[in-house]
Structures are given as structure tokens and as C-alpha cells.
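Listing of model.cif, mmCIF, C-alpha atoms
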data_data
loop_
_atom_site.label_atom_id
_atom_site.label_comp_id
_atom_site.auth_asym_id
_atom_site.auth_seq_id
_atom_site.Cartn_x
_atom_site.Cartn_y
_atom_site.Cartn_z
CA MET A 1 12.77 1.17 -10.21
CA PHE A 2 10.49 1.08 -7.17
CA LEU A 3 7.43 3.32 -7.64
CA ASP A 4 5.30 3.95 -4.55
CA HIS A 5 3.42 7.15 -5.37
CA ILE A 6 1.62 8.09 -8.57
CA GLN A 7 -1.30 10.17 -9.84
CA LEU A 8 -3.85 8.73 -12.26
CA ARG A 9 -6.73 10.25 -14.20
CA VAL A 10 -9.79 8.00 -14.53
CA ALA A 11 -13.07 8.54 -16.35
CA ALA A 12 -16.14 6.32 -16.28
CA GLY A 13 -18.19 5.76 -19.42
CA HIS A 14 -21.16 7.91 -20.39
CA GLY A 15 -24.56 6.29 -20.36
CA GLY A 16 -26.19 5.56 -23.70
CA SER A 17 -29.17 7.61 -24.85
CA GLY A 18 -32.67 6.17 -24.79
CA ALA A 19 -34.28 5.65 -28.16
CA MET A 20 -37.33 7.36 -29.60
CA SER A 21 -39.03 4.81 -31.82
CA PHE A 22 -42.54 3.68 -32.82
CA ARG A 23 -43.75 0.29 -33.95
CA ARG A 24 -44.09 -0.06 -37.68
CA GLU A 25 -45.71 -3.47 -38.22
CA LYS A 26 -48.22 -4.63 -40.80
CA PHE A 27 -50.87 -5.87 -38.38
CA ALA A 28 -50.35 -3.18 -35.71
CA PRO A 29 -51.75 -0.10 -37.44
CA GLU A 30 -51.82 1.99 -34.27
CA GLY A 31 -48.23 1.06 -33.40
CA GLY A 32 -47.07 2.74 -30.26
CA PRO A 33 -43.77 3.71 -28.68
CA ASP A 34 -41.10 1.02 -28.51
CA GLY A 35 -37.85 2.92 -27.85
CA GLY A 36 -35.46 0.98 -25.61
CA ASP A 37 -33.30 2.34 -22.80
CA GLY A 38 -29.64 3.20 -23.20
CA GLY A 39 -26.92 1.07 -21.64
CA LYS A 40 -25.06 2.00 -18.48
CA GLY A 41 -21.55 3.40 -18.87
CA GLY A 42 -18.64 1.30 -17.63
CA SER A 43 -17.14 2.05 -14.21
CA VAL A 44 -13.51 2.14 -13.04
CA PHE A 45 -12.43 -0.16 -10.20
CA LEU A 46 -9.22 -0.65 -8.25
CA ARG A 47 -8.46 -4.13 -6.91
CA ALA A 48 -5.69 -5.27 -4.55
CA ASN A 49 -3.45 -8.04 -5.88
CA ARG A 50 -0.85 -9.71 -3.66
CA ALA A 51 1.26 -10.56 -6.72
CA LEU A 52 2.16 -6.89 -7.18
CA ASN A 53 4.59 -4.96 -4.99
CA THR A 54 5.01 -1.62 -6.78
CA LEU A 55 2.96 0.83 -8.85
CA ASN A 56 5.33 0.42 -11.80
CA PRO A 57 2.58 -0.86 -14.19
CA TYR A 58 1.24 2.70 -14.29
CA ARG A 59 4.52 4.45 -14.93
CA ASN A 60 3.85 5.05 -18.64
CA LYS A 61 0.06 5.04 -18.84
CA ARG A 62 -1.79 7.21 -16.35
CA GLU A 63 -5.16 7.89 -17.98
CA PHE A 64 -7.93 5.29 -18.13
CA THR A 65 -11.42 5.61 -19.61
CA ALA A 66 -14.20 3.04 -19.36
CA GLU A 67 -16.43 2.21 -22.34
CA ARG A 68 -19.57 4.24 -22.83
CA GLY A 69 -23.00 2.59 -22.90
CA ARG A 70 -24.64 1.93 -26.26
CA GLN A 71 -27.75 3.78 -27.37
CA GLY A 72 -31.14 2.09 -27.02
CA GLU A 73 -32.94 0.90 -30.14
CA GLY A 74 -36.44 0.25 -31.40
CA CYS A 75 -38.41 -2.90 -30.62
CA MET A 76 -37.65 -2.31 -26.91
CA ARG A 77 -34.00 -3.24 -27.37
CA HIS A 78 -31.84 -2.13 -24.46
CA GLY A 79 -28.45 -0.66 -25.29
CA LYS A 80 -25.39 -2.70 -24.28
CA ASP A 81 -23.68 -1.67 -21.04
CA GLY A 82 -20.16 -0.32 -21.34
CA LEU A 83 -17.26 -2.48 -20.19
CA ASP A 84 -15.71 -1.71 -16.81
CA VAL A 85 -12.02 -0.93 -16.32
CA LEU A 86 -10.22 -2.90 -13.58
CA LEU A 87 -6.87 -1.59 -12.35
CA GLU A 88 -4.84 -3.89 -10.09
CA VAL A 89 -2.65 -2.39 -7.37
CA PRO A 90 -0.43 -3.82 -4.60
CA LEU A 91 -1.72 -4.59 -1.13
CA GLY A 92 -1.29 -1.56 1.10
CA THR A 93 -2.32 1.02 -1.50
CA LEU A 94 -3.92 4.17 -0.11
CA VAL A 95 -6.35 5.78 -2.57
CA LYS A 96 -7.05 9.52 -2.32
CA ASP A 97 -9.03 12.02 -4.36
CA GLY A 98 -6.36 14.08 -6.10
CA ASP A 99 -8.38 17.30 -5.91
CA THR A 100 -9.75 17.20 -2.35
CA GLY A 101 -7.30 14.89 -0.59
CA GLU A 102 -10.20 12.76 0.67
CA VAL A 103 -9.22 9.17 1.45
CA LEU A 104 -11.39 6.94 -0.73
CA ALA A 105 -10.06 3.55 0.32
CA GLU A 106 -7.22 1.50 1.77
CA LEU A 107 -6.74 -1.77 -0.07
CA LEU A 108 -5.24 -4.15 2.48
CA GLU A 109 -6.56 -7.58 1.50
CA HIS A 110 -6.14 -9.64 -1.65
CA GLY A 111 -9.16 -9.24 -3.94
CA GLN A 112 -10.51 -6.18 -2.11
CA ASP A 113 -11.82 -3.65 -4.62
CA VAL A 114 -13.34 -0.18 -4.72
CA CYS A 115 -15.22 1.74 -7.40
CA VAL A 116 -13.41 5.04 -7.97
CA ALA A 117 -15.50 6.32 -10.91
CA ARG A 118 -19.08 5.23 -11.45
CA GLY A 119 -20.49 4.90 -14.95
CA GLY A 120 -23.33 7.13 -16.11
CA ARG A 121 -26.88 5.83 -16.07
CA GLY A 122 -28.44 5.03 -19.42
CA GLY A 123 -31.26 7.26 -20.63
CA LEU A 124 -34.88 6.08 -20.80
CA GLY A 125 -36.46 5.35 -24.15
CA ASN A 126 -39.76 6.95 -25.14
CA THR A 127 -41.73 3.82 -24.24
CA ASN A 128 -41.28 4.78 -20.57
CA PHE A 129 -43.28 7.96 -21.03
CA LYS A 130 -46.46 6.59 -22.56
CA SER A 131 -49.66 7.12 -20.63
CA SER A 132 -53.41 7.18 -21.16
CA THR A 133 -53.17 10.84 -22.13
CA ASN A 134 -49.94 10.65 -24.09
CA ARG A 135 -49.95 7.64 -26.36
CA THR A 136 -47.26 8.85 -28.73
CA PRO A 137 -44.56 10.30 -26.47
CA ARG A 138 -41.75 11.92 -28.35
CA HIS A 139 -39.61 12.37 -25.26
CA HIS A 140 -36.56 10.30 -24.43
CA GLN A 141 -33.61 10.85 -22.13
CA PRO A 142 -29.92 11.30 -22.95
CA GLY A 143 -27.48 9.20 -20.96
CA GLU A 144 -25.83 10.64 -17.87
CA ASP A 145 -22.16 11.56 -17.81
CA GLY A 146 -19.76 9.18 -16.10
CA GLU A 147 -17.67 10.34 -13.13
CA GLU A 148 -14.18 11.68 -13.75
CA ARG A 149 -11.58 11.84 -11.04
CA THR A 150 -7.91 12.39 -10.38
CA LEU A 151 -6.50 9.74 -8.04
CA ASP A 152 -3.46 9.85 -5.81
CA LEU A 153 -2.17 6.33 -5.19
CA GLU A 154 0.27 5.94 -2.32
CA LEU A 155 1.78 2.56 -1.54
CA LYS A 156 2.56 1.65 2.08
CA LEU A 157 3.95 -1.85 2.34
CA ILE A 158 2.29 -4.18 4.83
CA ALA A 159 4.73 -5.71 7.31
CA ASP A 160 4.82 -6.66 10.99
CA VAL A 161 8.28 -5.33 11.78
CA GLY A 162 10.14 -2.37 10.30
CA LEU A 163 13.90 -1.75 10.34
CA VAL A 164 15.33 1.74 10.80
CA GLY A 165 18.88 2.97 11.27
CA PHE A 166 21.87 4.60 9.65
CA PRO A 167 23.11 3.42 6.24
CA ASN A 168 25.34 0.36 6.69
CA ALA A 169 23.87 -0.45 10.10
CA GLY A 170 23.30 -4.05 8.97
CA LYS A 171 19.61 -3.91 8.06
CA SER A 172 19.88 -5.73 4.73
CA THR A 173 22.19 -8.34 6.25
CA LEU A 174 19.65 -8.98 9.01
CA VAL A 175 16.84 -9.43 6.48
CA SER A 176 18.95 -11.88 4.45
CA ARG A 177 19.83 -13.94 7.55
CA LEU A 178 16.30 -14.05 8.99
CA SER A 179 14.41 -14.69 5.74
CA ALA A 180 14.76 -16.00 2.21
CA ALA A 181 14.92 -12.44 0.83
CA ARG A 182 18.19 -11.50 -0.86
CA PRO A 183 18.59 -7.70 -0.75
CA LYS A 184 21.77 -6.12 -2.08
CA ILE A 185 24.56 -6.06 0.52
CA ALA A 186 27.79 -4.09 0.10
CA ASP A 187 30.38 -2.26 2.17
CA TYR A 188 29.25 1.28 1.34
CA PRO A 189 26.36 3.55 2.41
CA PHE A 190 22.94 3.55 0.77
CA THR A 191 23.24 0.03 -0.62
CA THR A 192 19.47 -0.27 -0.17
CA LEU A 193 17.73 2.10 -2.58
CA GLU A 194 14.20 0.79 -2.25
CA PRO A 195 12.12 -1.01 0.41
CA GLN A 196 12.51 -4.77 0.74
CA LEU A 197 10.23 -7.34 2.36
CA GLY A 198 11.12 -10.70 3.87
CA VAL A 199 9.08 -13.42 5.57
CA VAL A 200 10.66 -14.66 8.80
CA SER A 201 9.60 -18.23 9.57
CA LEU A 202 10.64 -19.61 12.95
CA ASP A 203 11.10 -23.10 11.54
CA ARG A 204 14.44 -21.78 10.20
CA PHE A 205 15.52 -21.64 13.84
CA GLY A 206 13.85 -24.82 15.08
CA GLY A 207 10.46 -23.27 15.84
CA ASP A 208 6.94 -23.93 14.63
CA LEU A 209 6.40 -23.78 10.88
CA LEU A 210 3.19 -21.78 11.38
CA ASP A 211 4.91 -19.02 13.35
CA SER A 212 6.07 -16.33 10.94
CA TRP A 213 6.11 -12.57 10.48
CA VAL A 214 7.00 -10.07 7.76
CA ILE A 215 9.96 -7.73 8.07
CA ALA A 216 10.46 -4.52 6.04
CA ASP A 217 13.83 -2.95 5.29
CA ILE A 218 13.99 0.65 4.08
CA PRO A 219 16.92 2.80 2.91
CA GLY A 220 19.09 4.16 5.72
CA LEU A 221 18.43 7.52 7.33
CA ILE A 222 20.93 10.27 8.08
CA GLU A 223 20.64 13.51 10.00
CA GLY A 224 18.60 16.03 8.05
CA ALA A 225 16.64 13.35 6.18
CA ALA A 226 13.42 15.20 7.10
CA ASP A 227 14.77 18.13 5.05
CA GLY A 228 15.75 15.94 2.12
CA ALA A 229 19.29 14.87 3.05
CA GLY A 230 20.39 11.50 1.72
CA LEU A 231 17.38 9.65 0.34
CA GLY A 232 15.07 11.66 2.60
CA ILE A 233 12.37 10.18 4.80
CA GLN A 234 9.81 9.36 2.08
CA PHE A 235 10.42 5.63 2.53
CA LEU A 236 9.35 5.78 6.18
CA ARG A 237 5.77 5.46 4.93
CA HIS A 238 6.56 1.80 4.32
CA VAL A 239 6.98 1.10 8.04
CA GLU A 240 3.91 3.10 9.11
CA ARG A 241 1.72 -0.01 9.12
CA THR A 242 4.16 -2.13 11.09
CA ARG A 243 3.39 -3.14 14.65
CA MET A 244 6.90 -2.53 15.95
CA LEU A 245 10.28 -1.19 14.86
CA LEU A 246 13.80 -2.51 15.25
CA HIS A 247 16.33 0.31 15.48
CA LEU A 248 19.69 -1.10 14.38
CA VAL A 249 22.81 0.54 15.83
CA ASP A 250 26.25 -0.28 14.40
CA LEU A 251 28.47 -0.95 17.44
CA SER A 252 31.60 -1.27 15.29
CA ASP A 253 31.39 2.28 13.93
CA PRO A 254 34.46 4.12 15.31
CA ILE A 255 33.10 7.55 14.44
CA THR A 256 29.47 7.73 15.58
CA GLU A 257 28.72 6.95 19.21
CA PRO A 258 25.62 4.79 19.88
CA ALA A 259 23.92 7.66 21.75
CA GLU A 260 24.38 9.97 18.75
CA ALA A 261 23.11 7.36 16.27
CA ILE A 262 20.01 6.79 18.38
CA ARG A 263 19.37 10.52 18.82
CA VAL A 264 19.51 11.21 15.09
CA ILE A 265 17.15 8.40 14.09
CA ASP A 266 14.74 9.25 16.90
CA GLY A 267 14.58 12.82 15.62
CA GLU A 268 13.99 11.86 12.00
CA VAL A 269 11.23 9.37 12.88
CA GLN A 270 9.54 11.94 15.10
CA ALA A 271 9.78 14.56 12.32
CA PHE A 272 8.09 12.19 9.90
CA SER A 273 5.20 11.07 12.11
CA PRO A 274 4.52 11.17 15.87
CA VAL A 275 2.31 8.11 15.34
CA LEU A 276 5.24 6.17 13.91
CA ALA A 277 7.50 7.42 16.71
CA ALA A 278 5.03 6.08 19.29
CA LYS A 279 5.28 2.48 18.02
CA PRO A 280 7.20 -0.01 20.16
CA ARG A 281 10.86 0.27 19.18
CA TRP A 282 13.70 -2.02 20.20
CA LEU A 283 17.34 -1.03 20.07
CA VAL A 284 19.46 -3.74 18.43
CA GLY A 285 23.25 -3.59 18.54
CA THR A 286 24.70 -4.97 15.30
CA LYS A 287 28.08 -6.15 13.98
CA LEU A 288 28.98 -7.68 17.31
CA ASP A 289 31.73 -9.69 15.59
CA ALA A 290 33.56 -6.46 14.66
CA LEU A 291 33.18 -4.76 18.06
CA GLN A 292 36.61 -3.84 19.47
CA ASP A 293 35.77 -1.22 22.09
CA GLU A 294 33.92 -2.69 25.07
CA ASP A 295 33.03 0.83 26.22
CA ARG A 296 30.68 1.10 23.27
CA ARG A 297 28.94 -2.08 24.36
CA LYS A 298 28.54 -0.75 27.90
CA ALA A 299 27.24 2.59 26.59
CA PHE A 300 24.67 0.75 24.48
CA GLU A 301 23.56 -1.33 27.46
CA ALA A 302 23.10 1.86 29.48
CA LEU A 303 20.96 3.38 26.71
CA CYS A 304 18.78 0.28 26.63
CA ALA A 305 18.40 0.42 30.43
CA GLU A 306 17.19 4.03 30.17
CA ARG A 307 14.40 2.83 27.91
CA GLY A 308 13.56 -0.12 30.13
CA GLN A 309 14.66 -2.55 27.44
CA LYS A 310 16.84 -5.63 27.64
CA PRO A 311 19.95 -5.15 25.43
CA VAL A 312 19.87 -7.06 22.14
CA PHE A 313 23.14 -7.87 20.37
CA ILE A 314 23.46 -9.63 17.01
CA SER A 315 26.02 -10.45 14.35
CA GLY A 316 24.91 -10.98 10.79
CA VAL A 317 28.26 -12.60 9.99
CA THR A 318 28.42 -15.22 12.73
CA GLY A 319 24.67 -15.49 13.32
CA GLU A 320 25.04 -14.73 17.03
CA GLY A 321 21.80 -13.54 18.60
CA LEU A 322 19.65 -14.05 15.50
CA ARG A 323 17.68 -17.00 16.84
CA GLU A 324 16.99 -15.24 20.13
CA LEU A 325 15.91 -12.09 18.28
CA ALA A 326 13.54 -14.01 15.97
CA PHE A 327 11.77 -15.71 18.89
CA ALA A 328 11.67 -12.53 21.01
CA VAL A 329 10.09 -10.53 18.20
CA ASP A 330 7.54 -13.29 17.54
CA ALA A 331 6.54 -13.29 21.22
CA ALA A 332 6.27 -9.49 21.25
CA LEU A 333 4.05 -9.48 18.15
CA LYS A 334 1.73 -12.05 19.71
CA GLU A 335 1.51 -9.95 22.86
CA LEU A 336 0.71 -6.82 20.86
CA LYS A 337 -2.02 -8.74 19.01
CA GLU A 338 -3.58 -9.87 22.29
CA LEU A 339 -3.53 -6.34 23.67
CA LYS A 340 -5.21 -5.04 20.53
CA GLU A 341 -7.95 -7.66 20.74
CA GLU A 342 -8.54 -6.89 24.44
CA ALA A 343 -8.86 -3.18 23.64
CA ARG A 344 -11.68 -3.81 21.16
#
This structure in C-alpha cells:
Amino acid sequence: MFLDHIQLRVAAGHGGSGAMSFRREKFAPEGGPDGGDGGKGGSVFLRANRALNTLNPYRNKREFTAERGRQGEGCMRHGKDGLDVLLEVPLGTLVKDGDTGEVLAELLEHGQDVCVARGGRGGLGNTNFKSSTNRTPRHHQPGEDGEERTLDLELKLIADVGLVGFPNAGKSTLVSRLSAARPKIADYPFTTLEPQLGVVSLDRFGGDLLDSWVIADIPGLIEGAADGAGLGIQFLRHVERTRMLLHLVDLSDPITEPAEAIRVIDGEVQAFSPVLAAKPRWLVGTKLDALQDEDRRKAFEALCAERGQKPVFISGVTGEGLRELAFAVDAALKELKELKEEAR
């Protein structure tokens, strides 16, 4: 089962106490303090790992504690530092403080890490307090407490293009035809129950091998999804980081008119996030092979014209329009990248 939001409790290790000790050697009758410092407590780190794609490893264990530092000893021996705890998470994980809601980090690159709970400092041994006026200090410090924190981990998949639309609009079919991903495809609503990613490489369509982009498919939306209908809108977080959206409209649907399908999805995306709604969004007419009413095609073309967009028609069955769509999206992504760099 796909897990994209979870709460963890982490605790860093306590620092070890400093030692109070005095030299007891045969040829050093006056001795002196020789208590060593305590070791530092272990810290808790999160690290992004591209090999992971869900938070499932933390489904059953949600509390993690780092090792405490060892106590200092005589003969100036420093206590051993506690071992750190390293928790690996998928790329795209947003880390928040569970109590304050403060964003602590966004882990977007492989190997990127963040310390979420710092280990306590070890206490000083009594040798640190000797002076010309205090040659036998009997003072030493206890170790400091390690940080404890509740973490909210929220996964937002990293993709270039996100797919939105009604259930059975052809999103999974499109992903399977454009990429090597093999999402479940069936002739009933809500076939997709969790987000899917696919890498679209233009060499599949005779283009350059180096030209590629990542596409994200999420479960279909229905009217009222913002209020919890269907699978709700919680999966829309997985297309928040995309640079553009493809809104798939089933032209073969005899019940729902294209205008109504577009209106509903527009409303649900806007209800979820105005920022997401402001992303570039192309209308894509799907299931062209099953289209029987030419009026629906004309209505879709008119809707595209209202948005100043060239109509895009595809068929996942025959492959019509897929090559043109792949190259058009690639060009649009490159243009968006250039605009972003110019704005810096």
C-alpha cells in the first residue's frame, strides 16, 4: 500500500557525564584531577534515497532513539560518542515539526540529509576545572539532554508533468504508452489507487536519447473530491511539484460533456491549491478511436480555443497523437526552464 504521509517520534541521545577522578600513581604523590569528558549523544538524520518511493518502511516502527554518549573515565579518557540514527526517505519528502508545523527541510536530491534531532553535548570532567587556586576540583558536569521531536513526513513525488482528469479518462493508458511504466489498466473507475511515475524518453519516438521527462499519474478526481468524494484530493500533492499539467478529457464518454468534465476538474484543482491551479495546463482529448459524435470533438476544439490552446487529440489504443504530444510537451518543458532561468 502506498504511504505518503506519516508521523514519527525521534529522540537524540543524551550526552555522557564527565568524570570526577584523581591520579593515584606510585610516583605521583600529589596526583591531580584526571577526569575525562563524557561522549556526545548520537543525533538523528534524515537522508533522501532515490531507491525509495514510499514511506512504507516506517509503517510499523515510528519511534527512533539514538544512542547516548558514554561517561568519561579517569586517566583523561573521553567517553565514547553515541551512534547516530540515519533514516532514509524518498526524494520529495517534506519534513515538518509535528508540534509547530515549521518546515524543517525539503529533501529533493539523492544523498541530501538533514539533522532533525541533535545529540546532547557530553559533560566536562573535573580536570577542566583545575586552576592555580583550585588544584583538587570536585566539580564535573552531567551530559546535556538530546533533542526530542515529533516529525510530520509528507511525500510529494517529483515529476515534470502531472496528469489529472476523471476516472477512466485514459491517464494510466497514456503513461503505459509513453513510458516503460506498467500501471494497472481496466475498464472500470478508480483503477489507479496510488500515484504512478513513468520516464518518457523521446528516443521511443525517434528523438534524442538524452531528451526525457518524468510523468506522474494520480487517481482520478470526481466532483466533490475536495469534500472527500471518491478518493478525495489528497493525491494532488503529488503533482504540486510538476512544471505543467495535462488535463485528460474522455471524448468517448456519452454521458459527461467535455465542458462539464473540464469545469469539475478545474474546480477541484482550484479548491486544493491556487498555486497548482496556476500551473500551465493543457487539455488533451483522449480515446479518439472510440469517438462517435463529431459534435463532441468540435465542442472540445472550441474549449481549447477559449484558452488559447491548440487542440490535442490522442488514442492510447492506436497510438495516434502520442508522438506529437511527447515532442510538444518536451518543447514546452524546455521553454519553461528557459523562462525560469531568465527570471533569476
key: Between CA of Val116 in chain A and CA of Asp97 in chain A, distance in Å (one decimal)   =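 Distance reported for this atom pair: 9.0 Å.
Separating CA of Tyr58 in chain A from CA of Leu107 in chain A is a distance of 16.9 Å.
If you look at CA of Asp330 in chain A and CA of Gly165 in chain A, they are 20.8 Å away from each other.
Remark: residues at most 9 Å from position (-10.1, 5.8, -1.5) in file coordinates are Leu94, Val95, Lys96, Asp97, Glu102, Val103, Leu104, Ala105, Glu106, Leu107, Val114, Cys115, Val116, Leu151, Asp152 and Leu153 of chain A, using all atoms listed in the file.
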Closest atom pairs, range 25-54 of chain A residues within 10 Å of range 3-15 of chain A, only C-alpha atoms, as a tab-separated table:
residue	atom	partner	partner_atom	distance
A:Asp37	CA	A:Gly15	CA	9.9
A:Gly38	CA	A:Gly15	CA	6.6
A:Gly39	CA	A:Gly15	CA	5.9
A:Lys40	CA	A:Gly15	CA	4.7
A:Gly41	CA	A:Gly13	CA	4.1
A:Gly42	CA	A:Gly13	CA	4.8
A:Ser43	CA	A:Ala12	CA	4.8
A:Val44	CA	A:Ala12	CA	5.9
A:Phe45	CA	A:Val10	CA	9.6
A:Asn53	CA	A:Asp4	CA	8.9
A:Thr54	CA	A:Leu3	CA	5.6
key: the PyMOL selection byres ((chain A and resi 271) around 12) applied to the shown file, residues as number ranges by chain   = A: 223-228, 232-234, 236, 264-270, 272-278
Residue subset to file, keeping C-alpha atoms, as an mmCIF file, in the frame of the given file:
data_model
loop_
_atom_site.group_PDB
_atom_site.id
_atom_site.type_symbol
_atom_site.label_atom_id
_atom_site.label_comp_id
_atom_site.auth_asym_id
_atom_site.auth_seq_id
_atom_site.Cartn_x
_atom_site.Cartn_y
_atom_site.Cartn_z
ATOM 1 C CA GLU A 223 20.640 13.510 10.000
ATOM 2 C CA GLY A 224 18.600 16.030 8.050
ATOM 3 C CA ALA A 225 16.640 13.350 6.180
ATOM 4 C CA ALA A 226 13.420 15.200 7.100
ATOM 5 C CA ASP A 227 14.770 18.130 5.050
ATOM 6 C CA GLY A 228 15.750 15.940 2.120
ATOM 7 C CA GLY A 232 15.070 11.660 2.600
ATOM 8 C CA ILE A 233 12.370 10.180 4.800
ATOM 9 C CA GLN A 234 9.810 9.360 2.080
ATOM 10 C CA LEU A 236 9.350 5.780 6.180
ATOM 11 C CA VAL A 264 19.510 11.210 15.090
ATOM 12 C CA ILE A 265 17.150 8.400 14.090
ATOM 13 C CA ASP A 266 14.740 9.250 16.900
ATOM 14 C CA GLY A 267 14.580 12.820 15.620
ATOM 15 C CA GLU A 268 13.990 11.860 12.000
ATOM 16 C CA VAL A 269 11.230 9.370 12.880
ATOM 17 C CA GLN A 270 9.540 11.940 15.100
ATOM 18 C CA PHE A 272 8.090 12.190 9.900
ATOM 19 C CA SER A 273 5.200 11.070 12.110
ATOM 20 C CA PRO A 274 4.520 11.170 15.870
ATOM 21 C CA VAL A 275 2.310 8.110 15.340
ATOM 22 C CA LEU A 276 5.240 6.170 13.910
ATOM 23 C CA ALA A 277 7.500 7.420 16.710
ATOM 24 C CA ALA A 278 5.030 6.080 19.290
#
inquiry  = From the options A:Arg68, A:Lys287, A:Arg281, A:Arg297, which residue's atoms come nearest to Glu257 in chain A, counting only C-alpha atoms?
reply    = A:Arg297
inquiry  = As a check of understanding, name the residues that the PyMOL selection byres ((chain A and resi 324) around 12) selects in the supplied structure, as a ChimeraX atom specification.
reply    = /A:178,202,205-207,284,311-315,319-323,325-331
request  = Translate the PyMOL selection byres ((chain A and resi 300) around 9), as applied to the file shown, into an explicit residue set as a list in words.
outcome  =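 Expected selection for the PyMOL selection byres ((chain A and resi 300) around 9) here is Val249, Leu251, Pro258, Ala259, Leu283, Gly285, Asp295, Arg296, Arg297, Lys298, Ala299, Glu301, Ala302, Leu303, Cys304, Ala305 and Pro311 of chain A.
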task = Name the closest residue to Asp211 in chain A among the candidates A:Leu333, A:Asp113, A:Thr136, A:Gly170; distances are taken between atoms, counting only C-alpha atoms.
result = A:Leu333
ask   = What's the 7 Å shell around Ser212 in chain A, counting all atoms listed in the file, without same-chain residues fewer than 3 positions away, as an MDAnalysis selection string?
value = chainID A and resid 199:202
request  = Could you give me, as a list in words, the residues within 8 Å of Asp217 in chain A, counting all atoms listed in the file and dropping anything in the same chain fewer than 4 positions from it?
outcome  = Gly162, Leu163, Val164, Lys171, Ser172, Val175, Pro195, Gln196 and Leu197 of chain A
ask   = Of the candidates A:Thr286, A:Thr127, A:Ser132, A:Asn49, which one gets nearest to Arg23 in chain A if we count only C-alpha atoms?
value = A:Thr127
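With all atoms listed in the file as the atoms that count, the minimum distance from Gly146 in chain A to the choices A:Met20, A:Leu174, A:Ala117, A:Leu52 is reached by A:Ala117.
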